[in-house]
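A.B. asks: So that you have it, the file is input.pdb, and it contains PDB, C-alpha atoms, pLDDT in the B column:
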```pdb
ATOM      1  CA  MET A   1      -7.447 -14.934 -53.858  1.00 59.00           C
ATOM      2  CA  LYS A   2      -8.852 -11.439 -53.247  1.00 58.00           C
ATOM      3  CA  ASN A   3     -11.633 -12.917 -51.087  1.00 62.00           C
ATOM      4  CA  ILE A   4      -9.128 -14.719 -48.856  1.00 63.00           C
ATOM      5  CA  GLY A   5      -7.225 -11.459 -48.366  1.00 55.00           C
ATOM      6  CA  LYS A   6     -10.449  -9.643 -47.433  1.00 54.00           C
ATOM      7  CA  VAL A   7     -11.420 -12.388 -44.963  1.00 56.00           C
ATOM      8  CA  LEU A   8      -7.979 -12.270 -43.337  1.00 54.00           C
ATOM      9  CA  LEU A   9      -8.161  -8.466 -43.099  1.00 54.00           C
ATOM     10  CA  VAL A  10     -11.595  -8.601 -41.437  1.00 56.00           C
ATOM     11  CA  CYS A  11     -10.392 -11.283 -38.995  1.00 53.00           C
ATOM     12  CA  LEU A  12      -7.350  -9.202 -38.136  1.00 53.00           C
ATOM     13  CA  LEU A  13      -9.519  -6.126 -37.480  1.00 53.00           C
ATOM     14  CA  VAL A  14     -11.919  -8.071 -35.275  1.00 55.00           C
ATOM     15  CA  MET A  15      -9.067  -9.553 -33.245  1.00 56.00           C
ATOM     16  CA  THR A  16      -7.411  -6.168 -32.656  1.00 54.00           C
ATOM     17  CA  CYS A  17     -10.704  -4.614 -31.573  1.00 54.00           C
ATOM     18  CA  LYS A  18     -11.144  -7.272 -28.876  1.00 47.00           C
ATOM     19  CA  ASN A  19      -7.783  -6.355 -27.353  1.00 44.00           C
ATOM     20  CA  GLU A  20      -8.872  -2.807 -26.591  1.00 44.00           C
ATOM     21  CA  SER A  21      -8.934  -2.119 -22.874  1.00 47.00           C
ATOM     22  CA  LYS A  22     -12.218  -1.971 -21.100  1.00 49.00           C
ATOM     23  CA  GLY A  23     -13.185   1.265 -19.376  1.00 48.00           C
ATOM     24  CA  THR A  24     -11.549   1.729 -15.981  1.00 45.00           C
ATOM     25  CA  THR A  25     -13.219   3.204 -12.969  1.00 43.00           C
ATOM     26  CA  GLU A  26     -12.034   6.441 -11.379  1.00 44.00           C
ATOM     27  CA  PHE A  27     -10.716   4.416  -8.419  1.00 41.00           C
ATOM     28  CA  GLU A  28      -8.579   2.218 -10.702  1.00 46.00           C
ATOM     29  CA  LYS A  29      -7.222   5.302 -12.478  1.00 45.00           C
ATOM     30  CA  ASP A  30      -6.280   6.875  -9.138  1.00 46.00           C
ATOM     31  CA  ILE A  31      -4.573   3.698  -7.916  1.00 48.00           C
ATOM     32  CA  ASN A  32      -2.607   3.311 -11.171  1.00 49.00           C
ATOM     33  CA  LYS A  33      -1.622   6.952 -11.034  1.00 49.00           C
ATOM     34  CA  SER A  34      -0.557   6.588  -7.407  1.00 52.00           C
ATOM     35  CA  TYR A  35       1.628   3.546  -8.015  1.00 54.00           C
ATOM     36  CA  SER A  36       3.372   4.952 -11.079  1.00 56.00           C
ATOM     37  CA  GLN A  37       3.957   8.614 -10.273  1.00 63.00           C
ATOM     38  CA  ASP A  38       7.549   9.765 -10.514  1.00 66.00           C
ATOM     39  CA  ASP A  39       7.440  12.174  -7.580  1.00 75.00           C
ATOM     40  CA  GLY A  40      10.100  10.763  -5.256  1.00 82.00           C
ATOM     41  CA  LEU A  41       7.597   8.810  -3.176  1.00 93.00           C
ATOM     42  CA  ILE A  42       7.625   5.030  -2.885  1.00 94.00           C
ATOM     43  CA  THR A  43       4.754   2.588  -2.540  1.00 95.00           C
ATOM     44  CA  VAL A  44       5.099   0.340   0.500  1.00 96.00           C
ATOM     45  CA  LYS A  45       2.990  -2.643   1.507  1.00 96.00           C
ATOM     46  CA  GLY A  46       3.302  -3.817   5.081  1.00 96.00           C
ATOM     47  CA  ASP A  47       1.733  -4.162   8.498  1.00 97.00           C
ATOM     48  CA  PHE A  48       0.924  -0.968  10.397  1.00 97.00           C
ATOM     49  CA  VAL A  49       0.454  -0.389  14.107  1.00 96.00           C
ATOM     50  CA  TYR A  50       0.121   2.762  16.208  1.00 96.00           C
ATOM     51  CA  TYR A  51       0.308   2.222  19.940  1.00 92.00           C
ATOM     52  CA  ALA A  52       1.441   4.339  22.902  1.00 87.00           C
ATOM     53  CA  ASP A  53       2.694   7.266  20.782  1.00 89.00           C
ATOM     54  CA  ALA A  54       4.775   5.053  18.469  1.00 92.00           C
ATOM     55  CA  ALA A  55       3.869   4.147  14.889  1.00 95.00           C
ATOM     56  CA  VAL A  56       5.558   1.347  12.953  1.00 96.00           C
ATOM     57  CA  LEU A  57       5.302   0.019   9.414  1.00 97.00           C
ATOM     58  CA  GLN A  58       6.757  -3.479   9.018  1.00 96.00           C
ATOM     59  CA  THR A  59       7.391  -4.914   5.545  1.00 95.00           C
ATOM     60  CA  LYS A  60       8.755  -8.370   4.716  1.00 93.00           C
ATOM     61  CA  THR A  61      12.308  -7.013   4.776  1.00 93.00           C
ATOM     62  CA  ASN A  62      12.323  -3.793   6.845  1.00 94.00           C
ATOM     63  CA  ILE A  63      10.803  -2.005   9.798  1.00 95.00           C
ATOM     64  CA  TYR A  64      10.206   1.736   9.577  1.00 96.00           C
ATOM     65  CA  GLY A  65       9.310   4.286  12.186  1.00 95.00           C
ATOM     66  CA  VAL A  66       6.341   6.330  10.961  1.00 96.00           C
ATOM     67  CA  VAL A  67       6.174  10.099  11.316  1.00 95.00           C
ATOM     68  CA  ILE A  68       3.220  10.935  13.554  1.00 94.00           C
ATOM     69  CA  ASP A  69       1.204  13.531  11.666  1.00 96.00           C
ATOM     70  CA  GLU A  70      -2.273  14.079  10.240  1.00 97.00           C
ATOM     71  CA  ASN A  71      -1.934  11.379   7.548  1.00 97.00           C
ATOM     72  CA  MET A  72      -0.732   8.822  10.106  1.00 97.00           C
ATOM     73  CA  HIS A  73      -3.780   9.577  12.268  1.00 96.00           C
ATOM     74  CA  LYS A  74      -6.055   9.161   9.203  1.00 97.00           C
ATOM     75  CA  LEU A  75      -4.492   5.757   8.558  1.00 97.00           C
ATOM     76  CA  ASP A  76      -4.917   4.811  12.224  1.00 96.00           C
ATOM     77  CA  GLU A  77      -8.637   5.643  12.008  1.00 97.00           C
ATOM     78  CA  GLN A  78      -8.977   3.423   8.904  1.00 97.00           C
ATOM     79  CA  VAL A  79      -7.257   0.425  10.530  1.00 96.00           C
ATOM     80  CA  LYS A  80      -9.185   0.566  13.849  1.00 96.00           C
ATOM     81  CA  PRO A  81     -12.195  -1.449  12.561  1.00 96.00           C
ATOM     82  CA  PHE A  82      -9.832  -4.340  11.714  1.00 95.00           C
ATOM     83  CA  LYS A  83      -8.169  -4.507  15.151  1.00 93.00           C
ATOM     84  CA  GLU A  84      -9.267  -6.838  17.920  1.00 91.00           C
ATOM     85  CA  GLU A  85      -6.568  -5.579  20.282  1.00 91.00           C
ATOM     86  CA  ALA A  86      -4.763  -2.234  20.367  1.00 90.00           C
ATOM     87  CA  THR A  87      -1.459  -3.892  19.428  1.00 90.00           C
ATOM     88  CA  ASP A  88      -2.761  -5.739  16.347  1.00 92.00           C
ATOM     89  CA  MET A  89      -0.971  -4.974  13.093  1.00 94.00           C
ATOM     90  CA  VAL A  90      -3.085  -4.347   9.979  1.00 96.00           C
ATOM     91  CA  PRO A  91      -1.924  -4.797   6.344  1.00 97.00           C
ATOM     92  CA  VAL A  92      -1.793  -1.495   4.447  1.00 97.00           C
ATOM     93  CA  THR A  93      -0.462  -0.115   1.186  1.00 97.00           C
ATOM     94  CA  VAL A  94       0.721   3.484   1.353  1.00 97.00           C
ATOM     95  CA  ARG A  95       2.825   5.958  -0.577  1.00 96.00           C
ATOM     96  CA  VAL A  96       5.565   7.394   1.588  1.00 96.00           C
ATOM     97  CA  ARG A  97       8.589   9.629   1.678  1.00 96.00           C
ATOM     98  CA  LYS A  98      11.461   7.536   3.064  1.00 95.00           C
ATOM     99  CA  PHE A  99      14.386   9.185   4.830  1.00 95.00           C
ATOM    100  CA  GLU A 100      17.134   8.362   7.296  1.00 94.00           C
ATOM    101  CA  LYS A 101      16.457   9.323  10.897  1.00 89.00           C
ATOM    102  CA  ASP A 102      18.622  11.772  12.825  1.00 89.00           C
ATOM    103  CA  PRO A 103      21.582   9.831  14.313  1.00 89.00           C
ATOM    104  CA  ASN A 104      20.789  11.323  17.750  1.00 90.00           C
ATOM    105  CA  GLU A 105      17.254   9.880  17.749  1.00 86.00           C
ATOM    106  CA  GLU A 106      16.291   6.431  18.967  1.00 86.00           C
ATOM    107  CA  GLY A 107      14.563   3.967  16.682  1.00 85.00           C
ATOM    108  CA  TRP A 108      14.943   2.326  13.333  1.00 88.00           C
ATOM    109  CA  GLN A 109      17.438   3.625  10.775  1.00 91.00           C
ATOM    110  CA  TYR A 110      14.770   4.734   8.301  1.00 94.00           C
ATOM    111  CA  ARG A 111      11.561   6.627   8.868  1.00 95.00           C
ATOM    112  CA  VAL A 112       8.623   7.104   6.544  1.00 97.00           C
ATOM    113  CA  GLU A 113       6.172   9.936   6.223  1.00 97.00           C
ATOM    114  CA  ILE A 114       2.787   8.818   4.894  1.00 97.00           C
ATOM    115  CA  LYS A 115       1.693  10.923   1.938  1.00 96.00           C
ATOM    116  CA  GLU A 116      -1.142   8.807   0.513  1.00 96.00           C
ATOM    117  CA  ILE A 117      -3.217   5.881   1.781  1.00 96.00           C
ATOM    118  CA  LEU A 118      -3.901   3.422  -1.041  1.00 97.00           C
ATOM    119  CA  LYS A 119      -5.365   0.370   0.681  1.00 96.00           C
ATOM    120  CA  VAL A 120      -6.259  -1.023   4.101  1.00 97.00           C
ATOM    121  CA  GLU A 121      -6.954  -4.760   4.356  1.00 95.00           C
ATOM    122  CA  ALA A 122      -8.306  -7.085   6.996  1.00 93.00           C
ATOM    123  CA  PRO A 123      -5.581  -9.085   8.759  1.00 89.00           C
ATOM    124  CA  ASP A 124      -5.343 -12.805   8.030  1.00 83.00           C
ATOM    125  CA  LYS A 125      -7.059 -14.542  10.968  1.00 77.00           C
ATOM    126  CA  ASN A 126      -5.214 -17.812  10.232  1.00 74.00           C
ATOM    127  CA  LYS A 127      -1.754 -16.269  10.492  1.00 65.00           C
ATOM    128  CA  GLU A 128       0.203 -18.066  13.209  1.00 59.00           C
ATOM    129  CA  ASP A 129       3.198 -15.780  13.608  1.00 56.00           C
ATOM    130  CA  VAL A 130       1.971 -14.026  16.761  1.00 56.00           C
ATOM    131  CA  ILE A 131       2.781 -15.264  20.229  1.00 50.00           C
ATOM    132  CA  LYS A 132       0.380 -14.164  22.950  1.00 55.00           C
ATOM    133  CA  ILE A 133       1.220 -14.582  26.614  1.00 54.00           C
ATOM    134  CA  GLY A 134      -1.791 -15.174  28.840  1.00 58.00           C
ATOM    135  CA  ASN A 135      -2.162 -14.482  32.553  1.00 57.00           C
TER     136      ASN A 135
END
```
Please rewrite the model in this file as structure tokens.
C.D. replies:
Amino acid sequence: MKNIGKVLLVCLLVMTCKNESKGTTEFEKDINKSYSQDDGLITVKGDFVYYADAAVLQTKTNIYGVVIDENMHKLDEQVKPFKEEATDMVPVTVRVRKFEKDPNEEGWQYRVEIKEILKVEAPDKNKEDVIKIGN
């Protein structure tokens, strides 16, 4: 009976050791930290475009005007390699400060100020939700 108890104890120890998390890279730690910080910022995933002095971030449910500042220009530089045309939208994940625009300004009700760029992805080439008008 004592041997069965020892075998069960060893099995239990081996099983719990296997559940330990593997080492994470510095990048993964930064991403996890960025998504879970409680600093008043929100993580937004959507399509970004900057064209003719207007920047827009479109999610599945909302469209935001983007504050044009240094971080927005950094994001624009990162999305340029993925664009075929200047008006192409590129999927991004960013941390932003969301606020309501001044009622006297034109544009969407909410604006976002980019605080951190988490991810820039290549657009889906097979997406058929764009209508292009030819000459």
A.B. asks: Around range 114-129 of chain A, fit a box with edges along x, y and z, padding it by 3 Å on each side, then list its centre and edge lengths in Å to one decimal as lines of an AutoDock Vina configuration file.
C.D. replies:
```
center_x = -2.6
center_y = -3.6
center_z = 6.3
size_x = 17.5
size_y = 35.0
size_z = 20.6
```
A.B. asks: Given the point (-4.4, 2.8, 7.0) in the coordinates of this file, which residues lie within 9 Å, counting only C-alpha atoms, and how would they look as a JSON list (two decimals) with C-alpha atoms, keeping the file's coordinate frame?
C.D. replies:
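And here's out.json as it stands now:
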```json
[["chain", "number", "residue", "atom", "x", "y", "z"],
["A", 48, "PHE", "CA", 0.92, -0.97, 10.40],
["A", 71, "ASN", "CA", -1.93, 11.38, 7.55],
["A", 72, "MET", "CA", -0.73, 8.82, 10.11],
["A", 73, "HIS", "CA", -3.78, 9.58, 12.27],
["A", 74, "LYS", "CA", -6.06, 9.16, 9.20],
["A", 75, "LEU", "CA", -4.49, 5.76, 8.56],
["A", 76, "ASP", "CA", -4.92, 4.81, 12.22],
["A", 77, "GLU", "CA", -8.64, 5.64, 12.01],
["A", 78, "GLN", "CA", -8.98, 3.42, 8.90],
["A", 79, "VAL", "CA", -7.26, 0.42, 10.53],
["A", 80, "LYS", "CA", -9.18, 0.57, 13.85],
["A", 90, "VAL", "CA", -3.08, -4.35, 9.98],
["A", 91, "PRO", "CA", -1.92, -4.80, 6.34],
["A", 92, "VAL", "CA", -1.79, -1.50, 4.45],
["A", 93, "THR", "CA", -0.46, -0.12, 1.19],
["A", 94, "VAL", "CA", 0.72, 3.48, 1.35],
["A", 117, "ILE", "CA", -3.22, 5.88, 1.78],
["A", 118, "LEU", "CA", -3.90, 3.42, -1.04],
["A", 119, "LYS", "CA", -5.36, 0.37, 0.68],
["A", 120, "VAL", "CA", -6.26, -1.02, 4.10],
["A", 121, "GLU", "CA", -6.95, -4.76, 4.36]]
```
A.B. asks: Can you list what the PyMOL selection byres ((chain A and resi 109) around 10) grabs from this structure, as a list in words?
C.D. replies: Asn62, Ile63, Tyr64, Gly65, Phe99, Glu100, Lys101, Asp102, Pro103, Glu105, Glu106, Gly107, Trp108, Tyr110 and Arg111 of chain A
A.B. asks: Would you put the residues from that selection into a file with C-alpha atoms, as a compact mmCIF listing (two decimals), in the frame of the given file?
C.D. replies:
```
# COMPACT_ATOMS: atom_id res chain seq x y z
CA ASN A 62 12.32 -3.79 6.84
CA ILE A 63 10.80 -2.00 9.80
CA TYR A 64 10.21 1.74 9.58
CA GLY A 65 9.31 4.29 12.19
CA PHE A 99 14.39 9.18 4.83
CA GLU A 100 17.13 8.36 7.30
CA LYS A 101 16.46 9.32 10.90
CA ASP A 102 18.62 11.77 12.82
CA PRO A 103 21.58 9.83 14.31
CA GLU A 105 17.25 9.88 17.75
CA GLU A 106 16.29 6.43 18.97
CA GLY A 107 14.56 3.97 16.68
CA TRP A 108 14.94 2.33 13.33
CA TYR A 110 14.77 4.73 8.30
CA ARG A 111 11.56 6.63 8.87
```
A.B. asks: Which is closer to Thr43 in chain A than all the others in A:Asp88, A:Ile114, A:Asn104, A:Lys60, using all atoms listed in the file?
C.D. replies: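 With all atoms listed in the file as the atom set, the closest residue is A:Ile114.
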A.B. asks: Go ahead and compute the interatomic distance for CA of Arg95 in chain A and CA of Asp124 in chain A, in Å to one decimal.
C.D. replies: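 CA of Arg95 in chain A sits 22.2 Å away from CA of Asp124 in chain A.
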A.B. asks: Using only C-alpha atoms, find the one residue out of A:Pro81, A:Gly46, A:Pro123, A:Gly40 that sits nearest to Lys98 in chain A.
C.D. replies: A:Gly40
A.B. asks: CA of Phe82 in chain A and CA of Lys125 in chain A are how many Å apart?
C.D. replies: 10.6 Å
A.B. asks: For CA of Asp39 in chain A and CA of Ala54 in chain A, determine how far apart the two atoms are, in Å to one decimal place.
C.D. replies: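 Separation of CA of Asp39 in chain A and CA of Ala54 in chain A: 27.1 Å.
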A.B. asks: Residues near Ala55 in chain A, anyone? I mean within 7 Å using all atoms listed in the file, not counting same-chain ones fewer than 3 positions away, as an MDAnalysis selection string.
C.D. replies: chainID A and resid 49:51 65:66 68
A.B. asks: Which one of A:Ala86, A:Val96, A:Val67, A:Ala122 sits closest to Asp47 in chain A if you count all atoms listed in the file?
C.D. replies: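 Closest candidate: A:Ala122.
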